[in-house]
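K.L.:
Enclosed is the structure file start.cif (mmCIF, C-alpha atoms).
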```
data_upload
loop_
_atom_site.label_atom_id
_atom_site.label_comp_id
_atom_site.auth_asym_id
_atom_site.auth_seq_id
_atom_site.Cartn_x
_atom_site.Cartn_y
_atom_site.Cartn_z
CA MET A 1 123.10 69.09 89.83
CA ALA A 2 122.33 65.87 91.71
CA PRO A 3 125.34 63.93 93.03
CA ALA A 4 126.40 61.11 90.72
CA PRO A 5 125.99 57.55 92.04
CA ALA A 6 129.07 56.25 93.85
CA GLN A 7 129.99 53.80 91.12
CA GLN A 8 129.84 56.50 88.43
CA THR A 9 131.95 58.82 90.60
CA ASP A 10 134.56 56.08 91.05
CA THR A 11 134.73 55.52 87.30
CA LEU A 12 135.08 59.25 86.64
CA GLU A 13 137.85 59.47 89.25
CA GLN A 14 139.70 56.55 87.66
CA ALA A 15 139.48 58.32 84.30
CA VAL A 16 140.85 61.52 85.86
CA LEU A 17 143.75 59.61 87.42
CA ALA A 18 144.44 58.02 84.02
CA ALA A 19 144.48 61.51 82.42
CA ASN A 20 146.90 62.63 85.14
CA ARG A 21 149.22 59.67 84.47
CA ARG A 22 149.02 60.38 80.73
CA PHE A 23 150.13 63.97 81.40
CA TYR A 24 153.24 62.79 83.25
CA ALA A 25 153.97 60.15 80.58
CA ALA A 26 153.87 62.91 77.92
CA PHE A 27 156.13 65.06 80.11
CA GLU A 28 158.64 62.21 80.56
CA SER A 29 158.55 61.43 76.82
CA LEU A 30 159.06 65.13 75.96
CA ASP A 31 156.20 64.50 73.51
CA LEU A 32 154.63 67.79 72.45
CA ALA A 33 152.03 66.15 70.19
CA GLU A 34 150.82 64.06 73.12
CA MET A 35 150.80 67.15 75.37
CA GLU A 36 148.58 68.83 72.77
CA GLU A 37 146.13 65.92 73.06
CA ILE A 38 146.03 66.18 76.84
CA TRP A 39 145.33 69.91 77.19
CA ALA A 40 142.13 71.76 76.32
CA HIS A 41 142.95 74.27 73.59
CA GLU A 42 141.23 77.21 75.27
CA GLU A 43 142.17 80.86 75.82
CA TRP A 44 141.55 80.42 79.54
CA VAL A 45 143.86 77.49 80.32
CA GLN A 46 146.49 78.32 82.93
CA CYS A 47 149.95 76.99 83.72
CA VAL A 48 152.53 77.77 86.40
CA HIS A 49 155.86 75.96 86.04
CA PRO A 50 158.02 75.90 89.20
CA GLY A 51 159.23 79.46 89.83
CA TRP A 52 157.62 80.81 86.63
CA ASN A 53 154.94 83.46 86.41
CA LEU A 54 151.41 82.46 85.45
CA LEU A 55 150.88 81.61 81.77
CA VAL A 56 147.38 81.96 80.31
CA ASP A 57 146.05 80.77 76.91
CA TRP A 58 146.79 77.44 75.26
CA ASP A 59 149.11 78.99 72.63
CA VAL A 60 151.30 80.44 75.39
CA VAL A 61 151.17 77.25 77.47
CA ARG A 62 152.02 75.11 74.43
CA GLU A 63 155.02 77.36 73.69
CA SER A 64 156.26 76.88 77.27
CA TRP A 65 156.17 73.08 76.93
CA ALA A 66 157.95 73.34 73.57
CA ARG A 67 160.69 75.42 75.23
CA ILE A 68 161.01 73.09 78.23
CA PHE A 69 161.13 70.01 76.00
CA SER A 70 163.77 71.54 73.69
CA ASN A 71 165.95 72.42 76.71
CA THR A 72 165.63 69.00 78.35
CA GLU A 73 167.66 66.00 77.34
CA ARG A 74 165.90 63.50 79.60
CA VAL A 75 163.47 63.69 82.51
CA GLN A 76 162.06 61.10 84.89
CA ILE A 77 159.03 61.83 87.05
CA ALA A 78 157.66 59.64 89.82
CA ILE A 79 154.51 60.83 91.58
CA SER A 80 153.33 60.26 95.15
CA SER A 81 150.63 61.49 97.53
CA VAL A 82 148.00 61.59 94.78
CA TRP A 83 144.63 63.09 95.75
CA ALA A 84 141.81 63.39 93.22
CA HIS A 85 138.37 64.93 93.46
CA VAL A 86 135.59 65.05 90.87
CA GLN A 87 132.93 67.76 91.04
CA GLY A 88 130.48 67.58 88.13
CA GLU A 89 132.41 68.12 84.91
CA VAL A 90 135.51 69.47 86.67
CA ALA A 91 138.15 67.44 88.51
CA TRP A 92 141.44 68.18 90.16
CA VAL A 93 144.43 66.12 91.22
CA ALA A 94 147.08 67.14 93.75
CA CYS A 95 150.29 65.15 93.70
CA THR A 96 153.96 65.37 94.55
CA GLU A 97 156.35 65.09 91.61
CA HIS A 98 159.84 63.64 92.12
CA VAL A 99 161.59 65.08 89.07
CA THR A 100 165.04 64.06 87.85
CA THR A 101 166.20 66.13 84.88
CA SER A 102 169.26 65.55 82.68
CA PHE A 103 170.86 68.53 80.97
CA ALA A 104 173.95 68.59 78.80
CA GLY A 105 176.67 67.88 81.34
CA GLY A 106 174.68 67.14 84.45
CA PHE A 107 171.41 66.32 86.17
CA ASP A 108 169.16 67.83 88.78
CA THR A 109 166.58 66.37 91.14
CA ALA A 110 163.67 68.34 92.52
CA LEU A 111 160.56 67.83 94.58
CA VAL A 112 157.53 69.61 93.17
CA GLN A 113 153.97 69.98 94.47
CA ALA A 114 151.42 70.04 91.67
CA MET A 115 147.74 70.88 91.29
CA ASN A 116 146.28 69.64 88.02
CA LEU A 117 142.81 70.69 86.92
CA PHE A 118 140.74 68.86 84.29
CA VAL A 119 137.45 69.57 82.53
CA LEU A 120 135.28 66.95 80.81
CA GLN A 121 135.11 67.83 77.10
CA ASP A 122 133.39 65.47 74.65
CA GLY A 123 133.73 62.61 77.12
CA ALA A 124 137.46 63.10 77.80
CA TRP A 125 139.18 64.78 80.74
CA ARG A 126 141.30 67.62 79.32
CA MET A 127 143.85 69.49 81.40
CA VAL A 128 142.91 73.15 81.88
CA ALA A 129 145.35 74.18 84.62
CA HIS A 130 148.70 72.98 85.95
CA HIS A 131 150.28 74.69 88.93
CA ALA A 132 153.64 73.21 89.94
CA SER A 133 155.77 74.64 92.72
CA PRO A 134 159.07 73.77 94.38
CA LEU A 135 159.07 71.92 97.70
CA PRO A 136 161.90 71.49 100.20
CA ALA A 137 164.06 68.38 99.77
CA ALA A 138 162.45 64.93 99.73
CA LEU A 139 161.52 63.35 103.03
CA GLU A 140 159.66 60.37 101.60
CA PRO A 141 160.52 57.80 98.93
CA PRO A 142 158.80 58.23 95.57
CA VAL A 143 156.02 55.84 94.61
CA GLN A 144 155.48 55.26 90.90
CA MET B 1 125.23 70.86 81.05
CA ALA B 2 124.34 73.72 78.69
CA PRO B 3 126.56 76.81 78.88
CA ALA B 4 125.10 79.57 81.06
CA PRO B 5 124.07 82.82 79.32
CA ALA B 6 126.86 85.42 79.17
CA GLN B 7 125.20 87.72 81.70
CA GLN B 8 124.80 84.90 84.21
CA THR B 9 128.42 83.85 83.70
CA ASP B 10 129.57 87.42 84.32
CA THR B 11 127.57 87.58 87.54
CA LEU B 12 128.96 84.23 88.71
CA GLU B 13 132.50 85.40 87.91
CA GLN B 14 131.96 88.60 89.88
CA ALA B 15 130.77 86.52 92.83
CA VAL B 16 133.86 84.31 92.56
CA LEU B 17 136.13 87.35 92.51
CA ALA B 18 134.29 88.69 95.57
CA ALA B 19 134.88 85.36 97.35
CA ASN B 20 138.54 85.56 96.41
CA ARG B 21 138.82 89.11 97.84
CA ARG B 22 137.03 87.96 100.99
CA PHE B 23 139.62 85.20 101.41
CA TYR B 24 142.48 87.70 101.29
CA ALA B 25 140.64 90.09 103.63
CA ALA B 26 140.27 87.24 106.16
CA PHE B 27 143.97 86.40 105.71
CA GLU B 28 145.01 90.04 106.28
CA SER B 29 142.71 90.29 109.32
CA LEU B 30 144.10 87.02 110.74
CA ASP B 31 140.42 86.20 111.29
CA LEU B 32 139.96 82.45 111.75
CA ALA B 33 136.17 82.69 112.15
CA GLU B 34 135.93 84.46 108.81
CA MET B 35 138.27 81.87 107.23
CA GLU B 36 135.90 79.17 108.52
CA GLU B 37 133.05 80.89 106.67
CA ILE B 38 135.00 81.06 103.43
CA TRP B 39 136.11 77.41 103.19
CA ALA B 40 133.94 74.38 102.52
CA HIS B 41 134.15 72.09 105.54
CA GLU B 42 134.83 68.92 103.57
CA GLU B 43 137.26 66.04 103.98
CA TRP B 44 138.53 66.61 100.45
CA VAL B 45 139.55 70.27 100.64
CA GLN B 46 143.24 70.83 99.86
CA CYS B 47 145.76 73.48 100.81
CA VAL B 48 149.40 74.09 99.93
CA HIS B 49 151.05 77.00 101.75
CA PRO B 50 154.31 78.26 100.15
CA GLY B 51 156.94 75.56 100.66
CA TRP B 52 154.61 73.33 102.71
CA ASN B 53 153.49 69.84 101.82
CA LEU B 54 149.91 69.27 100.72
CA LEU B 55 147.29 69.41 103.47
CA VAL B 56 144.00 67.55 102.95
CA ASP B 57 140.76 67.75 105.03
CA TRP B 58 139.19 70.89 106.44
CA ASP B 59 140.20 70.08 110.04
CA VAL B 60 143.87 69.92 108.98
CA VAL B 61 143.59 73.02 106.78
CA ARG B 62 141.85 74.96 109.56
CA GLU B 63 144.62 74.01 111.99
CA SER B 64 147.23 75.33 109.53
CA TRP B 65 145.50 78.71 109.34
CA ALA B 66 145.25 78.81 113.13
CA ARG B 67 148.99 78.16 113.36
CA ILE B 68 149.87 80.75 110.71
CA PHE B 69 147.63 83.37 112.33
CA SER B 70 149.04 82.74 115.81
CA ASN B 71 152.61 83.13 114.47
CA THR B 72 151.88 86.32 112.53
CA GLU B 73 151.73 89.75 114.07
CA ARG B 74 150.56 91.59 110.96
CA VAL B 75 150.27 90.79 107.27
CA GLN B 76 149.40 92.88 104.23
CA ILE B 77 148.47 91.27 100.91
CA ALA B 78 147.99 93.05 97.60
CA ILE B 79 146.95 90.94 94.62
CA SER B 80 147.66 91.41 90.92
CA SER B 81 147.29 89.48 87.65
CA VAL B 82 143.92 88.06 88.65
CA TRP B 83 142.42 85.47 86.26
CA ALA B 84 139.09 83.82 87.00
CA HIS B 85 137.18 81.09 85.20
CA VAL B 86 133.77 79.61 86.00
CA GLN B 87 132.88 76.10 84.81
CA GLY B 88 129.45 74.99 86.00
CA GLU B 89 129.50 74.87 89.80
CA VAL B 90 133.29 75.06 90.05
CA ALA B 91 135.45 78.15 89.60
CA TRP B 92 139.11 78.95 89.97
CA VAL B 93 141.13 82.11 90.37
CA ALA B 94 144.85 82.51 89.68
CA CYS B 95 146.50 85.58 91.15
CA THR B 96 149.83 86.92 92.33
CA GLU B 97 150.04 87.76 96.03
CA HIS B 98 152.40 90.51 97.22
CA VAL B 99 152.74 89.53 100.87
CA THR B 100 154.35 91.68 103.57
CA THR B 101 154.53 89.91 106.93
CA SER B 102 155.51 91.38 110.30
CA PHE B 103 157.01 89.11 112.92
CA ALA B 104 158.29 89.99 116.36
CA GLY B 105 161.39 92.02 115.52
CA GLY B 106 161.19 92.22 111.74
CA PHE B 107 159.25 91.90 108.53
CA ASP B 108 159.45 89.97 105.31
CA THR B 109 158.12 90.55 101.82
CA ALA B 110 157.37 87.76 99.37
CA LEU B 111 155.85 87.24 95.97
CA VAL B 112 153.52 84.27 95.81
CA GLN B 113 151.61 82.69 92.92
CA ALA B 114 148.23 81.31 94.01
CA MET B 115 145.56 79.07 92.54
CA ASN B 116 142.28 79.26 94.43
CA LEU B 117 139.48 76.82 93.71
CA PHE B 118 135.84 77.38 94.68
CA VAL B 119 132.68 75.25 94.57
CA LEU B 120 129.12 76.59 94.62
CA GLN B 121 127.43 75.30 97.78
CA ASP B 122 123.94 76.52 98.74
CA GLY B 123 124.34 79.54 96.48
CA ALA B 124 127.73 80.63 97.87
CA TRP B 125 131.22 80.10 96.44
CA ARG B 126 133.22 78.18 99.05
CA MET B 127 136.97 77.69 98.81
CA VAL B 128 137.93 74.04 98.33
CA ALA B 129 141.59 74.37 97.37
CA HIS B 130 144.37 76.92 97.81
CA HIS B 131 147.79 76.32 96.28
CA ALA B 132 150.27 79.09 96.98
CA SER B 133 153.90 78.94 95.87
CA PRO B 134 156.93 81.22 96.06
CA LEU B 135 157.92 83.29 93.02
CA PRO B 136 161.20 85.07 92.30
CA ALA B 137 161.41 88.72 93.43
CA ALA B 138 158.78 91.21 92.27
CA LEU B 139 159.12 92.67 88.79
CA GLU B 140 155.81 94.49 88.69
CA PRO B 141 154.08 96.87 91.12
CA PRO B 142 151.21 95.39 93.15
CA VAL B 143 147.64 96.39 92.25
CA GLN B 144 145.09 96.23 95.06
#
```
Output the structure of this file as structure tokens.

P.N.:
Amino acid sequence: MAPAPAQQTDTLEQAVLAANRRFYAAFESLDLAEMEEIWAHEEWVQCVHPGWNLLVDWDVVRESWARIFSNTERVQIAISSVWAHVQGEVAWVACTEHVTTSFAGGFDTALVQAMNLFVLQDGAWRMVAHHASPLPAALEPPVQ
Amino acid sequence: MAPAPAQQTDTLEQAVLAANRRFYAAFESLDLAEMEEIWAHEEWVQCVHPGWNLLVDWDVVRESWARIFSNTERVQIAISSVWAHVQGEVAWVACTEHVTTSFAGGFDTALVQAMNLFVLQDGAWRMVAHHASPLPAALEPPVQ
């Protein structure tokens, strides 16, 4: 397909970055209904949580978020080093997550490198893949 | 765009899987010239090696492969749990890498979860992103 005009590409990229922010807001809110809105409900969606094996299929991915949310009391996520690219009706965002999680009786901080993949469906960018992996300890301050 | 006919999609998926195999063959061969053929030479290509920070831009990504290859005596990579999806002119492959690396004086084995992203350029699938992250120890036998 022909490249989109620059202005259209910028607008699409802004919409992708908004979808990416919405994903992290749903994560922070532990809001499963919102997470359901964000993801495409397809058999081929993929998700890798830090240190987990690959999950495939929306039903399986949804179940993983439900489990994570039910085991998490409170989580805060700041993102930095955000890189987005739009290619036709597919877009991806790489970013570094600075994750602070509260459990019963304690909290944990972690640095996570994420690749988030989105597909344009009915005019909205839906997440179709999330690959998050542990990084060594933070060397840079988080930027919200 | 309209969905491609099933047969065409299958053929495209086979070509993506072939590109993915070619990537691992180049990695095993420590062949930088072949790696240059496989990747798109774009400013926006992205690469995350296990435990590394995000690298952006082909020149930076190429330099990382050169460094890895020059520090590696021998590497063997078997892949398993391969999932591919084609969406227009973008495709991605998730797979588990079973990596055995030989250094001077020893060797190391590691299980790595990878997300490989490809874009169709001039009729060929070129790699535009590679995100590889460490997994806990192997629970399943590798399948070549």

K.L.:
What separation in Å, quoted to one decimal, exists between atom CA of Ile79 of chain A and atom CA of Asn20 of chain A?

P.N.:
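Going from atom CA of Ile79 of chain A over to atom CA of Asn20 of chain A, I get 10.1 Å.
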
K.L.:
Would you kindly report the residues of chain A within 7 Å of chain B, using all atoms listed in the file, as a VMD selection string?

P.N.:
chain A and resid 51 to 52 90 133 to 136

K.L.:
Residues within 8 Å of segment 103-105 of chain A, please, as a ChimeraX atom specification. Count all atoms listed in the file; anything in the same chain fewer than 5 positions from it doesn't count.

P.N.:
/A:71-74

K.L.:
Return chain A as a PDB file with C-alpha atoms, in the frame of the given file, after superposing it on chain B by a least-squares fit that covers all C-alpha atoms paired in order.

P.N.:
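What landed in out_22.pdb:
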```pdb
ATOM      1  CA  MET A   1     125.264  70.902  80.965  1.00  0.00           C
ATOM      2  CA  ALA A   2     124.379  73.755  78.605  1.00  0.00           C
ATOM      3  CA  PRO A   3     126.597  76.855  78.803  1.00  0.00           C
ATOM      4  CA  ALA A   4     125.122  79.582  80.993  1.00  0.00           C
ATOM      5  CA  PRO A   5     124.092  82.823  79.255  1.00  0.00           C
ATOM      6  CA  ALA A   6     126.865  85.421  79.144  1.00  0.00           C
ATOM      7  CA  GLN A   7     125.212  87.708  81.662  1.00  0.00           C
ATOM      8  CA  GLN A   8     124.776  84.878  84.181  1.00  0.00           C
ATOM      9  CA  THR A   9     128.408  83.831  83.678  1.00  0.00           C
ATOM     10  CA  ASP A  10     129.562  87.405  84.321  1.00  0.00           C
ATOM     11  CA  THR A  11     127.552  87.557  87.537  1.00  0.00           C
ATOM     12  CA  LEU A  12     128.941  84.212  88.701  1.00  0.00           C
ATOM     13  CA  GLU A  13     132.482  85.391  87.923  1.00  0.00           C
ATOM     14  CA  GLN A  14     131.940  88.601  89.893  1.00  0.00           C
ATOM     15  CA  ALA A  15     130.743  86.517  92.842  1.00  0.00           C
ATOM     16  CA  VAL A  16     133.841  84.307  92.578  1.00  0.00           C
ATOM     17  CA  LEU A  17     136.111  87.363  92.519  1.00  0.00           C
ATOM     18  CA  ALA A  18     134.275  88.699  95.587  1.00  0.00           C
ATOM     19  CA  ALA A  19     134.851  85.345  97.365  1.00  0.00           C
ATOM     20  CA  ASN A  20     138.533  85.578  96.416  1.00  0.00           C
ATOM     21  CA  ARG A  21     138.806  89.113  97.839  1.00  0.00           C
ATOM     22  CA  ARG A  22     137.015  87.961 101.001  1.00  0.00           C
ATOM     23  CA  PHE A  23     139.611  85.193 101.407  1.00  0.00           C
ATOM     24  CA  TYR A  24     142.475  87.697 101.291  1.00  0.00           C
ATOM     25  CA  ALA A  25     140.633  90.090 103.638  1.00  0.00           C
ATOM     26  CA  ALA A  26     140.274  87.228 106.165  1.00  0.00           C
ATOM     27  CA  PHE A  27     143.964  86.397 105.702  1.00  0.00           C
ATOM     28  CA  GLU A  28     144.999  90.033 106.281  1.00  0.00           C
ATOM     29  CA  SER A  29     142.710  90.285 109.331  1.00  0.00           C
ATOM     30  CA  LEU A  30     144.107  87.008 110.744  1.00  0.00           C
ATOM     31  CA  ASP A  31     140.419  86.186 111.293  1.00  0.00           C
ATOM     32  CA  LEU A  32     139.962  82.447 111.764  1.00  0.00           C
ATOM     33  CA  ALA A  33     136.175  82.671 112.171  1.00  0.00           C
ATOM     34  CA  GLU A  34     135.933  84.439 108.819  1.00  0.00           C
ATOM     35  CA  MET A  35     138.279  81.865 107.244  1.00  0.00           C
ATOM     36  CA  GLU A  36     135.907  79.167 108.511  1.00  0.00           C
ATOM     37  CA  GLU A  37     133.044  80.899 106.679  1.00  0.00           C
ATOM     38  CA  ILE A  38     135.005  81.052 103.439  1.00  0.00           C
ATOM     39  CA  TRP A  39     136.108  77.412 103.206  1.00  0.00           C
ATOM     40  CA  ALA A  40     133.940  74.372 102.517  1.00  0.00           C
ATOM     41  CA  HIS A  41     134.150  72.090 105.546  1.00  0.00           C
ATOM     42  CA  GLU A  42     134.846  68.923 103.568  1.00  0.00           C
ATOM     43  CA  GLU A  43     137.274  66.020 103.996  1.00  0.00           C
ATOM     44  CA  TRP A  44     138.533  66.602 100.461  1.00  0.00           C
ATOM     45  CA  VAL A  45     139.553  70.270 100.648  1.00  0.00           C
ATOM     46  CA  GLN A  46     143.225  70.837  99.868  1.00  0.00           C
ATOM     47  CA  CYS A  47     145.755  73.495 100.816  1.00  0.00           C
ATOM     48  CA  VAL A  48     149.406  74.096  99.945  1.00  0.00           C
ATOM     49  CA  HIS A  49     151.059  77.011 101.752  1.00  0.00           C
ATOM     50  CA  PRO A  50     154.306  78.270 100.161  1.00  0.00           C
ATOM     51  CA  GLY A  51     156.947  75.563 100.649  1.00  0.00           C
ATOM     52  CA  TRP A  52     154.605  73.337 102.701  1.00  0.00           C
ATOM     53  CA  ASN A  53     153.480  69.844 101.816  1.00  0.00           C
ATOM     54  CA  LEU A  54     149.898  69.267 100.712  1.00  0.00           C
ATOM     55  CA  LEU A  55     147.275  69.418 103.477  1.00  0.00           C
ATOM     56  CA  VAL A  56     143.988  67.563 102.967  1.00  0.00           C
ATOM     57  CA  ASP A  57     140.764  67.743 105.045  1.00  0.00           C
ATOM     58  CA  TRP A  58     139.182  70.886 106.451  1.00  0.00           C
ATOM     59  CA  ASP A  59     140.215  70.079 110.054  1.00  0.00           C
ATOM     60  CA  VAL A  60     143.871  69.925 108.991  1.00  0.00           C
ATOM     61  CA  VAL A  61     143.589  73.024 106.792  1.00  0.00           C
ATOM     62  CA  ARG A  62     141.844  74.966 109.572  1.00  0.00           C
ATOM     63  CA  GLU A  63     144.639  74.000 111.994  1.00  0.00           C
ATOM     64  CA  SER A  64     147.233  75.330 109.527  1.00  0.00           C
ATOM     65  CA  TRP A  65     145.504  78.727 109.339  1.00  0.00           C
ATOM     66  CA  ALA A  66     145.246  78.804 113.141  1.00  0.00           C
ATOM     67  CA  ARG A  67     149.005  78.165 113.367  1.00  0.00           C
ATOM     68  CA  ILE A  68     149.874  80.759 110.713  1.00  0.00           C
ATOM     69  CA  PHE A  69     147.619  83.365 112.324  1.00  0.00           C
ATOM     70  CA  SER A  70     149.053  82.738 115.816  1.00  0.00           C
ATOM     71  CA  ASN A  71     152.611  83.130 114.461  1.00  0.00           C
ATOM     72  CA  THR A  72     151.868  86.315 112.513  1.00  0.00           C
ATOM     73  CA  GLU A  73     151.729  89.734 114.073  1.00  0.00           C
ATOM     74  CA  ARG A  74     150.563  91.586 110.964  1.00  0.00           C
ATOM     75  CA  VAL A  75     150.270  90.792 107.263  1.00  0.00           C
ATOM     76  CA  GLN A  76     149.398  92.877 104.221  1.00  0.00           C
ATOM     77  CA  ILE A  77     148.473  91.270 100.913  1.00  0.00           C
ATOM     78  CA  ALA A  78     147.987  93.049  97.604  1.00  0.00           C
ATOM     79  CA  ILE A  79     146.946  90.931  94.628  1.00  0.00           C
ATOM     80  CA  SER A  80     147.649  91.395  90.919  1.00  0.00           C
ATOM     81  CA  SER A  81     147.285  89.486  87.650  1.00  0.00           C
ATOM     82  CA  VAL A  82     143.904  88.054  88.655  1.00  0.00           C
ATOM     83  CA  TRP A  83     142.411  85.476  86.273  1.00  0.00           C
ATOM     84  CA  ALA A  84     139.077  83.811  87.017  1.00  0.00           C
ATOM     85  CA  HIS A  85     137.172  81.087  85.225  1.00  0.00           C
ATOM     86  CA  VAL A  86     133.767  79.595  86.019  1.00  0.00           C
ATOM     87  CA  GLN A  87     132.880  76.099  84.820  1.00  0.00           C
ATOM     88  CA  GLY A  88     129.446  74.975  86.022  1.00  0.00           C
ATOM     89  CA  GLU A  89     129.484  74.870  89.813  1.00  0.00           C
ATOM     90  CA  VAL A  90     133.283  75.050  90.055  1.00  0.00           C
ATOM     91  CA  ALA A  91     135.450  78.146  89.611  1.00  0.00           C
ATOM     92  CA  TRP A  92     139.100  78.944  89.975  1.00  0.00           C
ATOM     93  CA  VAL A  93     141.124  82.116  90.371  1.00  0.00           C
ATOM     94  CA  ALA A  94     144.845  82.508  89.690  1.00  0.00           C
ATOM     95  CA  CYS A  95     146.495  85.575  91.151  1.00  0.00           C
ATOM     96  CA  THR A  96     149.822  86.907  92.332  1.00  0.00           C
ATOM     97  CA  GLU A  97     150.035  87.763  96.028  1.00  0.00           C
ATOM     98  CA  HIS A  98     152.397  90.510  97.217  1.00  0.00           C
ATOM     99  CA  VAL A  99     152.736  89.533 100.873  1.00  0.00           C
ATOM    100  CA  THR A 100     154.350  91.675 103.563  1.00  0.00           C
ATOM    101  CA  THR A 101     154.526  89.901 106.921  1.00  0.00           C
ATOM    102  CA  SER A 102     155.512  91.378 110.295  1.00  0.00           C
ATOM    103  CA  PHE A 103     157.025  89.088 112.909  1.00  0.00           C
ATOM    104  CA  ALA A 104     158.300  89.995 116.346  1.00  0.00           C
ATOM    105  CA  GLY A 105     161.403  91.996 115.496  1.00  0.00           C
ATOM    106  CA  GLY A 106     161.185  92.247 111.745  1.00  0.00           C
ATOM    107  CA  PHE A 107     159.244  91.912 108.513  1.00  0.00           C
ATOM    108  CA  ASP A 108     159.452  89.950 105.310  1.00  0.00           C
ATOM    109  CA  THR A 109     158.117  90.542 101.813  1.00  0.00           C
ATOM    110  CA  ALA A 110     157.369  87.761  99.371  1.00  0.00           C
ATOM    111  CA  LEU A 111     155.847  87.245  95.967  1.00  0.00           C
ATOM    112  CA  VAL A 112     153.504  84.274  95.817  1.00  0.00           C
ATOM    113  CA  GLN A 113     151.593  82.691  92.929  1.00  0.00           C
ATOM    114  CA  ALA A 114     148.232  81.321  94.013  1.00  0.00           C
ATOM    115  CA  MET A 115     145.552  79.071  92.547  1.00  0.00           C
ATOM    116  CA  ASN A 116     142.276  79.261  94.442  1.00  0.00           C
ATOM    117  CA  LEU A 117     139.470  76.820  93.720  1.00  0.00           C
ATOM    118  CA  PHE A 118     135.825  77.382  94.691  1.00  0.00           C
ATOM    119  CA  VAL A 119     132.685  75.247  94.585  1.00  0.00           C
ATOM    120  CA  LEU A 120     129.120  76.596  94.640  1.00  0.00           C
ATOM    121  CA  GLN A 121     127.434  75.304  97.812  1.00  0.00           C
ATOM    122  CA  ASP A 122     123.941  76.508  98.749  1.00  0.00           C
ATOM    123  CA  GLY A 123     124.347  79.534  96.496  1.00  0.00           C
ATOM    124  CA  ALA A 124     127.739  80.622  97.883  1.00  0.00           C
ATOM    125  CA  TRP A 125     131.217  80.095  96.452  1.00  0.00           C
ATOM    126  CA  ARG A 126     133.222  78.169  99.069  1.00  0.00           C
ATOM    127  CA  MET A 127     136.969  77.695  98.816  1.00  0.00           C
ATOM    128  CA  VAL A 128     137.928  74.039  98.341  1.00  0.00           C
ATOM    129  CA  ALA A 129     141.600  74.364  97.375  1.00  0.00           C
ATOM    130  CA  HIS A 130     144.373  76.922  97.823  1.00  0.00           C
ATOM    131  CA  HIS A 131     147.776  76.317  96.289  1.00  0.00           C
ATOM    132  CA  ALA A 132     150.284  79.097  96.983  1.00  0.00           C
ATOM    133  CA  SER A 133     153.896  78.940  95.869  1.00  0.00           C
ATOM    134  CA  PRO A 134     156.929  81.214  96.048  1.00  0.00           C
ATOM    135  CA  LEU A 135     157.905  83.281  93.011  1.00  0.00           C
ATOM    136  CA  PRO A 136     161.181  85.065  92.284  1.00  0.00           C
ATOM    137  CA  ALA A 137     161.396  88.701  93.404  1.00  0.00           C
ATOM    138  CA  ALA A 138     158.795  91.218  92.222  1.00  0.00           C
ATOM    139  CA  LEU A 139     159.156  92.672  88.757  1.00  0.00           C
ATOM    140  CA  GLU A 140     155.836  94.504  88.683  1.00  0.00           C
ATOM    141  CA  PRO A 141     154.120  96.884  91.105  1.00  0.00           C
ATOM    142  CA  PRO A 142     151.252  95.437  93.133  1.00  0.00           C
ATOM    143  CA  VAL A 143     147.700  96.423  92.256  1.00  0.00           C
ATOM    144  CA  GLN A 144     145.160  96.320  95.072  1.00  0.00           C
TER     145      GLN A 144
END
```

K.L.:
Skip Gln76 of chain B itself and residues of its chain fewer than 6 positions away, then list as a list of chain:residue names all residues within 12 Å of it, counting only C-alpha atoms.

P.N.:
B:Tyr24, B:Ala25, B:Ala26, B:Phe27, B:Glu28, B:Ser29, B:Leu30, B:Glu97, B:His98, B:Val99, B:Thr100, B:Thr101, B:Ser102, B:Phe107, B:Asp108, B:Thr109, B:Ala110, B:Leu111, B:Pro142, B:Gln144

K.L.:
Give as a PyMOL selection string the residues that the PyMOL selection byres ((chain A and resi 12-18) around 7) matches when applied to the coordinates above.

P.N.:
chain A and resi 8-11+19-22+84-86+125

K.L.:
Write out as an MDAnalysis selection string the residues lying within 9 Å of Trp58 of chain A, counting only C-alpha atoms and excluding same-chain residues fewer than 4 positions away.

P.N.:
chainID A and resid 39:46 62:63 128

K.L.:
Pick the closest to Asp59 of chain B from B:Asn116, B:Arg126, B:Glu36, B:Ile77: which is it, counting all atoms listed in the file?

P.N.:
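So, comparing all the options, the nearest one is B:Glu36.
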
K.L.:
Would you work out the distance separating atom CA of Ala33 of chain A from atom CA of Ser80 of chain A, expressed in Å to one decimal?

P.N.:
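Going from atom CA of Ala33 of chain A over to atom CA of Ser80 of chain A covers 25.7 Å.
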